[in-house]
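Asker: If you scroll down you'll find the structure; I have some questions about it.
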Amino acid sequence: MAIAEYDVVIQRDAMSVYDFLLDARNLPSWRTGVRSIELESGAAGTKGAVYRQTIAGPGGRTISGDFEITEARPGAEIQYRVLAGPERMHGGYYLSTEGGSTRVRFALEREPRGILARLKSPFRRRMKAEVCQLEQLKSVLEKQSAP
């Protein structure tokens with residue numbers, strides 16, 4: 001199994017961070033590679049909502065990375081699973097309050113199958129690069145809150 005996680009402390013309250021993360025239209029502002037995203041079914045930002053996402057793939061192609069929200073606890077947690085695309089992983093954002101700030105942990109998990117199961121290292125590197133994009137989220141949100 002390939003697992004990656006990363007956390008940052010953002011100088012914003014937990015509900016502001018949660019609301020920003022829950023609005024999938026914000027993904028392109030901080031996740032490199034997200035080209036487009038739209039709600040496909042369900043109510044936006046709720047458990048069961050499915051999003052059609054186009055992401056950058058190998059060789060400059062775009063590929064599907066559709067996902068479903070599997071858990072949404074206001075101010076605390078958002079979990080999802082990828083439904084389409086080459087890497088069917090699941091993950092989530094986990095928030096905790098630290099004074100006037102919020103600690104956000106981004107965790108991803110994937111179980112490579114078949115011959116790919118022997119190639120765990122490349123998956124871990126890509127997943128680690130994904131979760132480390134929390135630094136960009138921190139930058140985007142803290143710039144928004146600046147006076």
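Each chain in the structure tokens gets a letter, A, B and so on, in the order shown; residues start at 1 in every chain, and ligands are counted from 1 in the order they appear.
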Residues of stretch 55-129 of chain A classed as strand (DSSP E) by DSSP on the backbone are to be reported as a ChimeraX atom specification.

Answerer: /A:55-56,62-64,67-73,77-82,90-98,101-110

Asker: Hey, what does DSSP flag as helix (DSSP H, G or I) within stretch 2-144 of chain A? Can you give it to me as a ChimeraX atom specification?

Answerer: /A:14-22,24-30,58-60,114-118,120-131,134-144

Asker: Determine the nearest neighbour of A:Arg61 from the options A:Pro28, A:His90, A:Arg35, A:Val104, counting only C-alpha atoms.

Answerer: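 Closest to A:Arg61, using only C-alpha atoms: A:Arg35.
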
Asker: For A:Val140, please output as a PyMOL selection string all residues within 12 Å (counting only C-alpha atoms; exclusion window: fewer than 3 positions along the same chain).

Answerer: chain A and resi 10-12+17+20-21+26-31+133-137+143-146

Asker: May I ask which of the residues A:Phe106, A:Leu95, A:Leu22, A:Ala4 is the closest one to A:Glu68, counting only C-alpha atoms?

Answerer: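 Residue with the minimum atom-to-atom distance to A:Glu68: A:Leu22.
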
Asker: Taking 2 positions as the minimum chain separation for residues in the same chain, which residues sit within 10 Å of A:Gly65 when counting only C-alpha atoms? Answer as a ChimeraX atom specification.

Answerer: /A:34,37,51-57,62-63,67,81-88

Asker: Find the residue from A:Gly59, A:Pro74, A:Gly99, A:Val8 that sits nearest to A:Val131; use only C-alpha atoms when measuring.

Answerer: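 Checking each candidate against A:Val131, we get A:Val8 as the closest.
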
Asker: In Å, rounded to a single decimal, give me how far atom CA of A:Ile3 is from atom CA of A:Leu141.

Answerer: 25.8 Å

Asker: What separation in Å, quoted to one decimal, exists between atom CA of A:Ser64 and atom CA of A:Thr32?

Answerer: 14.6 Å
